[in-house]
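Peer 1: My structure is stored as protein_7.tsv, with TSV, C-alpha atoms.
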chain	number	residue	atom	x	y	z
A	1	MET	CA	-2.77	27.80	0.44
A	2	ASN	CA	-5.81	25.54	0.85
A	3	LYS	CA	-5.78	21.71	0.58
A	4	LYS	CA	-6.82	21.64	-3.09
A	5	GLU	CA	-4.14	24.16	-4.08
A	6	HIS	CA	-1.54	22.28	-2.06
A	7	LYS	CA	-2.47	18.95	-3.68
A	8	LYS	CA	-2.41	20.51	-7.15
A	9	ARG	CA	1.08	21.90	-6.50
A	10	LEU	CA	2.30	18.44	-5.42
A	11	LEU	CA	0.69	16.78	-8.46
A	12	ASP	CA	2.30	19.35	-10.76
A	13	GLU	CA	5.66	18.45	-9.20
A	14	GLY	CA	5.04	14.74	-9.86
A	15	ILE	CA	4.05	13.84	-6.29
A	16	PHE	CA	0.75	12.10	-5.49
A	17	PRO	CA	-0.21	12.14	-1.77
A	18	VAL	CA	-1.89	8.99	-0.44
A	19	LEU	CA	-3.62	9.21	2.94
A	20	LYS	CA	-5.83	6.13	2.61
A	21	ILE	CA	-6.06	3.08	0.42
A	22	ASP	CA	-9.55	3.10	-1.05
A	23	ASN	CA	-11.21	2.96	-4.46
A	24	GLU	CA	-11.31	6.74	-4.88
A	25	THR	CA	-7.63	7.31	-4.04
A	26	ILE	CA	-6.27	4.43	-6.12
A	27	SER	CA	-8.49	5.33	-9.07
A	28	GLU	CA	-7.23	8.94	-8.90
A	29	LEU	CA	-3.64	7.71	-8.64
A	30	LYS	CA	-3.99	5.42	-11.64
A	31	ASP	CA	-5.71	8.14	-13.69
A	32	TRP	CA	-2.99	10.63	-12.76
A	33	ILE	CA	-0.25	8.29	-13.97
A	34	VAL	CA	-2.04	7.35	-17.19
A	35	THR	CA	-3.00	10.98	-17.96
A	36	ASN	CA	0.60	12.15	-17.53
A	37	ARG	CA	2.07	9.45	-19.75
A	38	PRO	CA	4.11	9.44	-21.94
A	39	GLU	CA	5.35	12.99	-21.17
A	40	ARG	CA	6.20	12.15	-17.55
A	41	LYS	CA	8.41	9.18	-16.81
A	42	LYS	CA	9.03	9.68	-13.08
A	43	PHE	CA	6.26	9.64	-10.49
A	44	THR	CA	6.38	9.84	-6.71
A	45	ILE	CA	3.73	8.48	-4.36
A	46	LEU	CA	3.90	10.14	-0.92
A	47	ILE	CA	2.37	7.58	1.45
A	48	ASN	CA	1.13	8.44	4.94
A	49	SER	CA	-1.59	5.90	5.66
A	50	THR	CA	-2.57	3.21	8.11
A	51	GLY	CA	-3.91	1.18	5.18
A	52	GLY	CA	-7.27	0.34	3.74
A	53	CYS	CA	-8.47	-1.96	1.00
A	54	PRO	CA	-5.88	-4.51	-0.20
A	55	THR	CA	-7.95	-5.24	-3.33
A	56	GLN	CA	-7.14	-1.72	-4.52
A	57	VAL	CA	-3.41	-2.44	-4.19
A	58	VAL	CA	-3.76	-5.53	-6.38
A	59	ARG	CA	-5.51	-3.33	-8.96
A	60	PHE	CA	-2.65	-0.84	-8.81
A	61	ALA	CA	-0.04	-3.60	-9.15
A	62	SER	CA	-1.76	-4.65	-12.35
A	63	LEU	CA	-1.36	-1.13	-13.77
A	64	ILE	CA	2.34	-1.06	-12.87
A	65	SER	CA	2.91	-4.19	-14.95
A	66	ILE	CA	1.74	-2.51	-18.17
A	67	LEU	CA	3.80	0.67	-17.87
A	68	GLY	CA	6.91	0.99	-20.02
A	69	LYS	CA	10.33	0.12	-18.64
A	70	GLU	CA	11.28	3.82	-18.77
A	71	VAL	CA	8.67	4.62	-16.08
A	72	GLU	CA	9.99	4.93	-12.54
A	73	ILE	CA	7.62	5.09	-9.60
A	74	THR	CA	9.13	6.07	-6.27
A	75	GLY	CA	7.19	5.47	-3.08
A	76	VAL	CA	8.05	7.70	-0.13
A	77	ALA	CA	6.66	6.58	3.24
A	78	LEU	CA	6.37	8.96	6.14
A	79	ASP	CA	4.79	8.89	9.58
A	80	THR	CA	2.74	5.68	9.23
A	81	CYS	CA	2.79	3.12	6.45
A	82	GLY	CA	0.74	0.13	7.44
A	83	SER	CA	-1.19	-2.75	6.04
A	84	ALA	CA	-2.40	-2.03	2.48
A	85	ALA	CA	-0.29	1.16	2.41
A	86	LEU	CA	2.82	-0.96	2.92
A	87	ALA	CA	1.65	-3.22	0.10
A	88	LEU	CA	1.26	-0.12	-2.11
A	89	LEU	CA	4.82	0.89	-1.25
A	90	GLN	CA	5.99	-2.54	-2.41
A	91	CYS	CA	4.49	-1.87	-5.86
A	92	CYS	CA	6.94	0.99	-6.37
A	93	HIS	CA	10.20	0.64	-8.25
A	94	LYS	CA	12.07	2.53	-5.52
A	95	ARG	CA	10.92	2.52	-1.88
A	96	VAL	CA	12.05	5.32	0.42
A	97	ALA	CA	11.19	5.90	4.07
A	98	VAL	CA	11.59	9.11	6.03
A	99	VAL	CA	13.36	8.37	9.31
A	100	HIS	CA	11.04	7.46	12.22
A	101	THR	CA	8.30	6.12	9.94
A	102	GLY	CA	6.36	3.24	11.49
A	103	PHE	CA	5.40	0.19	9.42
A	104	PHE	CA	2.64	-2.27	10.36
A	105	ILE	CA	2.07	-5.74	8.97
A	106	HIS	CA	-0.93	-7.88	9.86
A	107	HIS	CA	-3.27	-10.44	8.36
A	108	ILE	CA	-6.28	-9.36	6.33
A	109	GLN	CA	-9.27	-8.60	8.50
A	110	THR	CA	-12.68	-9.72	7.27
A	111	ARG	CA	-16.06	-8.26	8.05
A	112	ILE	CA	-18.96	-10.47	7.19
A	113	ARG	CA	-22.22	-8.77	6.34
A	114	ILE	CA	-25.46	-10.62	6.59
A	115	SER	CA	-29.05	-9.57	6.53
A	116	CYS	CA	-31.88	-10.92	8.60
A	117	HIS	CA	-32.93	-12.80	5.46
A	118	SER	CA	-29.59	-14.50	4.90
A	119	LYS	CA	-29.77	-18.25	4.66
A	120	GLU	CA	-26.93	-20.74	4.74
A	121	LEU	CA	-24.87	-18.66	7.16
A	122	GLN	CA	-22.06	-21.19	7.32
A	123	LYS	CA	-21.62	-21.00	3.54
A	124	ILE	CA	-21.53	-17.19	3.72
A	125	PHE	CA	-18.84	-17.36	6.43
A	126	ASP	CA	-16.81	-20.00	4.59
A	127	ASP	CA	-16.97	-18.11	1.27
A	128	GLU	CA	-15.93	-14.81	2.84
A	129	ILE	CA	-13.04	-16.36	4.74
A	130	GLU	CA	-11.82	-18.16	1.61
A	131	SER	CA	-12.05	-14.95	-0.40
A	132	SER	CA	-9.98	-13.11	2.23
A	133	ARG	CA	-7.45	-15.93	2.35
A	134	LEU	CA	-6.97	-15.77	-1.43
A	135	LEU	CA	-6.59	-11.98	-1.32
A	136	GLU	CA	-4.03	-12.24	1.47
A	137	GLU	CA	-2.05	-14.81	-0.53
A	138	GLU	CA	-1.96	-12.42	-3.50
A	139	ILE	CA	-0.84	-9.49	-1.34
A	140	VAL	CA	1.80	-11.60	0.44
A	141	LYS	CA	3.13	-12.91	-2.88
A	142	LEU	CA	3.39	-9.35	-4.23
A	143	GLN	CA	5.23	-8.12	-1.14
A	144	CYS	CA	7.54	-11.12	-0.78
A	145	LYS	CA	8.64	-10.77	-4.39
A	146	LYS	CA	9.69	-7.15	-3.79
A	147	THR	CA	11.18	-7.53	-0.30
A	148	GLY	CA	12.88	-10.88	-0.81
A	149	LEU	CA	11.29	-12.17	2.38
A	150	SER	CA	10.02	-15.72	2.42
A	151	ARG	CA	6.30	-16.34	2.79
A	152	ASP	CA	6.97	-17.92	6.21
A	153	LYS	CA	8.90	-14.85	7.40
A	154	TRP	CA	6.15	-12.54	6.14
A	155	MET	CA	3.51	-14.60	7.94
A	156	LYS	CA	5.54	-14.45	11.17
A	157	LEU	CA	5.70	-10.66	10.87
A	158	ALA	CA	1.93	-10.59	10.29
A	159	ASP	CA	1.39	-12.86	13.32
A	160	TYR	CA	3.51	-10.46	15.38
A	161	GLY	CA	1.45	-7.53	14.07
A	162	GLU	CA	-1.75	-9.29	15.11
A	163	LYS	CA	-0.47	-9.61	18.67
A	164	ASP	CA	0.88	-6.10	19.12
A	165	MET	CA	-0.39	-3.48	16.68
A	166	ASP	CA	1.02	-0.78	18.96
A	167	THR	CA	4.62	-1.71	18.20
A	168	PRO	CA	5.55	-0.71	14.67
A	169	ILE	CA	8.56	-1.74	12.66
A	170	PHE	CA	10.69	1.39	12.45
A	171	THR	CA	12.90	2.45	9.56
A	172	ASP	CA	16.17	0.75	10.55
A	173	GLN	CA	14.46	-2.62	10.90
A	174	ALA	CA	12.35	-1.97	7.78
A	175	LEU	CA	15.58	-1.45	5.83
A	176	LYS	CA	17.07	-4.69	7.21
A	177	LEU	CA	13.89	-6.59	6.33
A	178	GLY	CA	13.88	-5.23	2.77
A	179	LEU	CA	10.61	-3.32	3.22
A	180	VAL	CA	12.38	-0.19	1.93
A	181	ASP	CA	15.41	0.49	-0.24
A	182	GLU	CA	16.53	3.65	1.49
A	183	VAL	CA	15.98	5.68	4.67
A	184	VAL	CA	16.30	9.46	4.42
A	185	ASP	CA	16.52	12.10	7.13
A	186	SER	CA	14.17	14.39	5.24
A	187	TYR	CA	12.09	14.66	2.11
A	188	PRO	CA	11.29	18.34	1.62
A	189	CYS	CA	8.12	18.67	-0.42
A	190	LEU	CA	5.67	20.63	1.73
Please rewrite the model in this file as C-alpha coordinates.
Peer 2:
Amino acid sequence: MNKKEHKKRLLDEGIFPVLKIDNETISELKDWIVTNRPERKKFTILINSTGGCPTQVVRFASLISILGKEVEITGVALDTCGSAALALLQCCHKRVAVVHTGFFIHHIQTRIRISCHSKELQKIFDDEIESSRLLEEEIVKLQCKKTGLSRDKWMKLADYGEKDMDTPIFTDQALKLGLVDEVVDSYPCL
(Lines of atoms letter the chains of each structure in order from A and count residues from 1; the text may use other names and numbers.)
(Lines give C-alpha, C1' and ligand atoms only; values in the text may rest on other atoms or scores of the structure.)
Protein backbone atom coordinates (compact mmCIF):
# COMPACT_ATOMS: atom_id res chain seq x y z
CA MET A 1 0.00 0.00 0.00
CA ASN A 2 1.49 3.36 -0.99
CA LYS A 3 1.38 6.55 1.16
CA LYS A 4 -1.73 7.97 -0.53
CA GLU A 5 -3.66 4.71 -0.11
CA HIS A 6 -2.54 4.43 3.49
CA LYS A 7 -3.61 8.00 4.27
CA LYS A 8 -6.97 7.46 2.56
CA ARG A 9 -7.57 4.33 4.66
CA LEU A 10 -6.81 6.28 7.85
CA LEU A 11 -9.07 9.16 6.79
CA ASP A 12 -11.89 6.73 6.01
CA GLU A 13 -11.48 5.34 9.54
CA GLY A 14 -11.75 8.85 11.01
CA ILE A 15 -8.02 9.32 11.64
CA PHE A 16 -6.10 12.31 10.25
CA PRO A 17 -2.28 11.95 10.41
CA VAL A 18 -0.33 15.13 11.23
CA LEU A 19 3.42 15.12 10.60
CA LYS A 20 3.97 18.88 10.55
CA ILE A 21 2.10 21.99 11.56
CA ASP A 22 1.87 24.15 8.47
CA ASN A 23 -0.79 25.89 6.40
CA GLU A 24 -1.31 22.95 4.05
CA THR A 25 -1.75 20.34 6.81
CA ILE A 26 -4.04 22.44 9.01
CA SER A 27 -6.13 23.54 6.02
CA GLU A 28 -6.54 19.88 4.98
CA LEU A 29 -7.43 18.93 8.56
CA LYS A 30 -10.05 21.66 8.85
CA ASP A 31 -11.52 20.79 5.43
CA TRP A 32 -11.66 17.11 6.37
CA ILE A 33 -13.60 17.84 9.55
CA VAL A 34 -16.01 20.27 7.88
CA THR A 35 -16.56 17.98 4.87
CA ASN A 36 -17.40 15.02 7.11
CA ARG A 37 -19.87 16.95 9.26
CA PRO A 38 -22.61 16.36 10.31
CA GLU A 39 -22.44 12.63 9.45
CA ARG A 40 -19.27 12.06 11.49
CA LYS A 41 -19.17 13.16 15.10
CA LYS A 42 -15.89 11.59 16.23
CA PHE A 43 -12.53 12.52 14.73
CA THR A 44 -9.01 11.45 15.65
CA ILE A 45 -5.86 13.44 14.94
CA LEU A 46 -2.75 11.23 14.98
CA ILE A 47 0.10 13.61 15.84
CA ASN A 48 3.77 12.79 15.24
CA SER A 49 5.45 16.15 14.75
CA THR A 50 8.20 18.33 16.13
CA GLY A 51 5.96 21.35 15.52
CA GLY A 52 5.75 24.13 13.02
CA CYS A 53 3.66 27.26 12.72
CA PRO A 54 1.78 28.25 15.90
CA THR A 55 -0.45 30.63 13.93
CA GLN A 56 -1.99 27.59 12.24
CA VAL A 57 -2.89 26.13 15.65
CA VAL A 58 -4.70 29.33 16.60
CA ARG A 59 -6.64 29.03 13.33
CA PHE A 60 -7.56 25.45 14.18
CA ALA A 61 -8.63 26.40 17.72
CA SER A 62 -11.03 28.88 16.18
CA LEU A 63 -12.65 26.10 14.12
CA ILE A 64 -13.03 23.89 17.20
CA SER A 65 -15.04 26.61 18.92
CA ILE A 66 -17.76 26.56 16.24
CA LEU A 67 -18.30 22.80 16.10
CA GLY A 68 -21.37 21.38 17.82
CA LYS A 69 -21.16 19.97 21.33
CA GLU A 70 -21.75 16.47 19.92
CA VAL A 71 -18.39 16.60 18.10
CA GLU A 72 -15.50 14.86 19.83
CA ILE A 73 -11.95 15.33 18.62
CA THR A 74 -9.35 12.99 20.07
CA GLY A 75 -5.67 13.79 19.69
CA VAL A 76 -3.27 10.86 19.81
CA ALA A 77 0.41 11.76 20.21
CA LEU A 78 3.15 9.33 19.34
CA ASP A 79 6.91 9.45 19.00
CA THR A 80 7.39 13.24 19.15
CA CYS A 81 4.87 15.94 19.96
CA GLY A 82 6.60 19.25 20.32
CA SER A 83 6.04 22.93 20.11
CA ALA A 84 3.06 23.77 17.87
CA ALA A 85 2.16 20.06 17.67
CA LEU A 86 1.70 20.04 21.44
CA ALA A 87 -0.48 23.14 21.12
CA LEU A 88 -2.56 21.30 18.49
CA LEU A 89 -2.97 18.40 20.91
CA GLN A 90 -4.31 20.84 23.50
CA CYS A 91 -7.10 21.85 21.08
CA CYS A 92 -8.50 18.33 21.23
CA HIS A 93 -11.35 17.30 23.51
CA LYS A 94 -9.47 14.16 24.57
CA ARG A 95 -5.65 13.97 24.59
CA VAL A 96 -3.98 10.57 24.43
CA ALA A 97 -0.28 9.74 24.34
CA VAL A 98 1.30 6.47 23.30
CA VAL A 99 3.84 5.41 25.93
CA HIS A 100 7.39 6.73 25.35
CA THR A 101 6.20 9.78 23.41
CA GLY A 102 8.43 12.82 23.94
CA PHE A 103 6.93 16.29 24.41
CA PHE A 104 8.82 19.56 23.90
CA ILE A 105 7.85 23.01 25.10
CA HIS A 106 9.77 26.15 24.20
CA HIS A 107 9.24 29.82 23.46
CA ILE A 108 8.27 30.97 19.99
CA GLN A 109 11.28 31.45 17.76
CA THR A 110 11.29 34.45 15.42
CA ARG A 111 13.09 34.87 12.14
CA ILE A 112 13.33 38.40 10.93
CA ARG A 113 13.53 38.93 7.19
CA ILE A 114 14.92 42.11 5.78
CA SER A 115 16.00 43.16 2.36
CA CYS A 116 18.94 45.30 1.44
CA HIS A 117 16.41 48.09 0.91
CA SER A 118 14.86 47.84 4.36
CA LYS A 119 14.85 51.06 6.31
CA GLU A 120 14.08 51.57 9.97
CA LEU A 121 15.60 48.25 10.99
CA GLN A 122 14.93 48.80 14.68
CA LYS A 123 11.20 49.25 13.97
CA ILE A 124 11.18 46.04 11.90
CA PHE A 125 12.86 44.16 14.78
CA ASP A 126 10.56 45.65 17.41
CA ASP A 127 7.41 44.92 15.39
CA GLU A 128 8.41 41.32 14.70
CA ILE A 129 9.30 40.64 18.32
CA GLU A 130 6.03 42.17 19.52
CA SER A 131 4.07 40.10 17.00
CA SER A 132 5.79 36.92 18.22
CA ARG A 133 5.19 37.86 21.85
CA LEU A 134 1.46 38.32 21.19
CA LEU A 135 1.27 34.99 19.34
CA GLU A 136 3.07 33.22 22.19
CA GLU A 137 0.64 34.73 24.70
CA GLU A 138 -2.30 33.38 22.67
CA ILE A 139 -0.75 29.91 22.40
CA VAL A 140 0.15 29.84 26.11
CA LYS A 141 -3.38 30.95 27.08
CA LEU A 142 -4.88 28.20 24.91
CA GLN A 143 -2.63 25.53 26.41
CA CYS A 144 -2.93 26.69 30.02
CA LYS A 145 -6.71 26.62 29.78
CA LYS A 146 -6.64 22.97 28.68
CA THR A 147 -3.83 21.72 30.93
CA GLY A 148 -4.74 23.67 34.05
CA LEU A 149 -1.14 24.86 34.34
CA SER A 150 -0.54 28.43 35.39
CA ARG A 151 1.07 30.82 32.93
CA ASP A 152 4.14 31.00 35.20
CA LYS A 153 4.49 27.20 35.26
CA TRP A 154 4.12 27.05 31.47
CA MET A 155 6.78 29.73 31.03
CA LYS A 156 9.14 27.82 33.34
CA LEU A 157 8.65 24.70 31.22
CA ALA A 158 9.34 26.77 28.09
CA ASP A 159 12.47 28.23 29.72
CA TYR A 160 13.62 24.69 30.51
CA GLY A 161 12.94 23.67 26.90
CA GLU A 162 15.05 26.57 25.67
CA LYS A 163 18.00 25.36 27.74
CA ASP A 164 17.82 21.68 26.89
CA MET A 165 15.83 20.75 23.80
CA ASP A 166 17.41 17.28 23.92
CA THR A 167 15.54 16.31 27.08
CA PRO A 168 11.86 15.78 26.35
CA ILE A 169 9.02 15.48 28.79
CA PHE A 170 7.98 11.83 28.61
CA THR A 171 4.48 10.44 29.01
CA ASP A 172 4.40 9.88 32.80
CA GLN A 173 5.44 13.47 33.48
CA ALA A 174 3.17 14.74 30.68
CA LEU A 175 0.24 13.04 32.41
CA LYS A 176 1.18 14.60 35.77
CA LEU A 177 1.48 18.04 34.16
CA GLY A 178 -1.93 17.72 32.49
CA LEU A 179 -0.50 17.78 28.96
CA VAL A 180 -2.43 14.57 28.22
CA ASP A 181 -5.51 12.89 29.66
CA GLU A 182 -4.38 9.33 29.16
CA VAL A 183 -1.29 7.25 28.36
CA VAL A 184 -1.79 4.04 26.38
CA ASP A 185 0.58 1.17 25.72
CA SER A 186 -0.51 0.95 22.10
CA TYR A 187 -2.79 2.53 19.54
CA PRO A 188 -3.14 0.04 16.69
CA CYS A 189 -4.03 1.91 13.52
CA LEU A 190 -1.27 1.11 11.02
Peer 1: Build an axis-aligned box that encloses every atom of range 62-69 of chain A listed in the file, pad it by 6 Å on each side, and report its centre and edge lengths in Å to one decimal, as AutoDock Vina command-line options.
Peer 2:
--center_x 4.3 --center_y -1.8 --center_z -16.2 --size_x 24.1 --size_y 17.6 --size_z 19.7
Peer 1: Name all residues at most 12 Å from range 172-177 of chain A (count only C-alpha atoms; drop same-chain ones fewer than 3 positions away) and give them as an NGL selection string.
Peer 2: :A and (77 or 81-82 or 86 or 95-105 or 143-144 or 146-150 or 153-154 or 157 or 168-169 or 180-185)
Peer 1: Please write the residues from the selection above to a file, keeping C-alpha atoms, as a PDB file, in the coordinates of the input.
Peer 2:
ATOM      1  CA  ALA A  77       6.660   6.580   3.240  1.00  0.00           C
ATOM      2  CA  CYS A  81       2.790   3.120   6.450  1.00  0.00           C
ATOM      3  CA  GLY A  82       0.740   0.130   7.440  1.00  0.00           C
ATOM      4  CA  LEU A  86       2.820  -0.960   2.920  1.00  0.00           C
ATOM      5  CA  ARG A  95      10.920   2.520  -1.880  1.00  0.00           C
ATOM      6  CA  VAL A  96      12.050   5.320   0.420  1.00  0.00           C
ATOM      7  CA  ALA A  97      11.190   5.900   4.070  1.00  0.00           C
ATOM      8  CA  VAL A  98      11.590   9.110   6.030  1.00  0.00           C
ATOM      9  CA  VAL A  99      13.360   8.370   9.310  1.00  0.00           C
ATOM     10  CA  HIS A 100      11.040   7.460  12.220  1.00  0.00           C
ATOM     11  CA  THR A 101       8.300   6.120   9.940  1.00  0.00           C
ATOM     12  CA  GLY A 102       6.360   3.240  11.490  1.00  0.00           C
ATOM     13  CA  PHE A 103       5.400   0.190   9.420  1.00  0.00           C
ATOM     14  CA  PHE A 104       2.640  -2.270  10.360  1.00  0.00           C
ATOM     15  CA  ILE A 105       2.070  -5.740   8.970  1.00  0.00           C
ATOM     16  CA  GLN A 143       5.230  -8.120  -1.140  1.00  0.00           C
ATOM     17  CA  CYS A 144       7.540 -11.120  -0.780  1.00  0.00           C
ATOM     18  CA  LYS A 146       9.690  -7.150  -3.790  1.00  0.00           C
ATOM     19  CA  THR A 147      11.180  -7.530  -0.300  1.00  0.00           C
ATOM     20  CA  GLY A 148      12.880 -10.880  -0.810  1.00  0.00           C
ATOM     21  CA  LEU A 149      11.290 -12.170   2.380  1.00  0.00           C
ATOM     22  CA  SER A 150      10.020 -15.720   2.420  1.00  0.00           C
ATOM     23  CA  LYS A 153       8.900 -14.850   7.400  1.00  0.00           C
ATOM     24  CA  TRP A 154       6.150 -12.540   6.140  1.00  0.00           C
ATOM     25  CA  LEU A 157       5.700 -10.660  10.870  1.00  0.00           C
ATOM     26  CA  PRO A 168       5.550  -0.710  14.670  1.00  0.00           C
ATOM     27  CA  ILE A 169       8.560  -1.740  12.660  1.00  0.00           C
ATOM     28  CA  VAL A 180      12.380  -0.190   1.930  1.00  0.00           C
ATOM     29  CA  ASP A 181      15.410   0.490  -0.240  1.00  0.00           C
ATOM     30  CA  GLU A 182      16.530   3.650   1.490  1.00  0.00           C
ATOM     31  CA  VAL A 183      15.980   5.680   4.670  1.00  0.00           C
ATOM     32  CA  VAL A 184      16.300   9.460   4.420  1.00  0.00           C
ATOM     33  CA  ASP A 185      16.520  12.100   7.130  1.00  0.00           C
TER      34      ASP A 185
END
Peer 1: Could you check how far CA of Met1 in chain A sits from CA of Tyr187 in chain A, in Å to one decimal?
Peer 2: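 Result for CA of Met1 in chain A versus CA of Tyr187 in chain A: 19.9 Å, one decimal.
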Peer 1: What does the distance from CA of Glu13 in chain A to CA of Val58 in chain A come to in Å, to one decimal?
Peer 2: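 Between CA of Glu13 in chain A and CA of Val58 in chain A the gap is 25.9 Å.
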Peer 1: Write out as a PyMOL selection string which residues come within 9 Å of Lys41 in chain A when counting all atoms listed in the file, dropping same-chain ones fewer than 3 positions away.
Peer 2: chain A and resi 36-38+68+70-73
Peer 1: In Å to one decimal, how far is CA of Ile139 in chain A from CA of Ser115 in chain A?
Peer 2: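 We find that CA of Ser115 in chain A and CA of Ile139 in chain A lie 29.3 Å from each other.
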Peer 1: Choose the residue, out of A:Phe60, A:Ile129, A:Lys42, A:Asn48, that has the smallest atom-to-atom separation from Leu29 in chain A; count only C-alpha atoms.
Peer 2: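 Closest candidate: A:Phe60.
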Peer 1: Which one is closest to Ser49 in chain A: A:Thr80, A:Ser27, A:Thr35, A:Ser62? Count all atoms listed in the file.
Peer 2: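 Of A:Thr80, A:Ser27, A:Thr35, A:Ser62, the one nearest Ser49 in chain A, counting all atoms listed in the file, is A:Thr80.
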Peer 1: Here is a test: counting all atoms listed in the file, which residue of A:Gln122, A:Gln90, A:Gln56, A:Ser83 is nearest to His106 in chain A?
Peer 2: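 Smallest separation from His106 in chain A among the options: A:Ser83.
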Peer 1: List every protein, DNA or RNA residue that has an atom no more than 12 Å from (-3.1, 11.3, -11.3) in the file's coordinate frame, counting all atoms listed in the file, and report them as JSON, numbers by chain.
Peer 2: {"A": [7, 8, 10, 11, 12, 13, 14, 15, 16, 17, 18, 24, 25, 26, 27, 28, 29, 30, 31, 32, 33, 34, 35, 36, 37, 40, 43, 44, 45]}
Peer 1: Which residue gives the smallest distance to Leu89 in chain A among A:Leu142, A:Thr167, A:Ile47, A:Ile64, with only C-alpha atoms counted?
Peer 2: A:Ile47
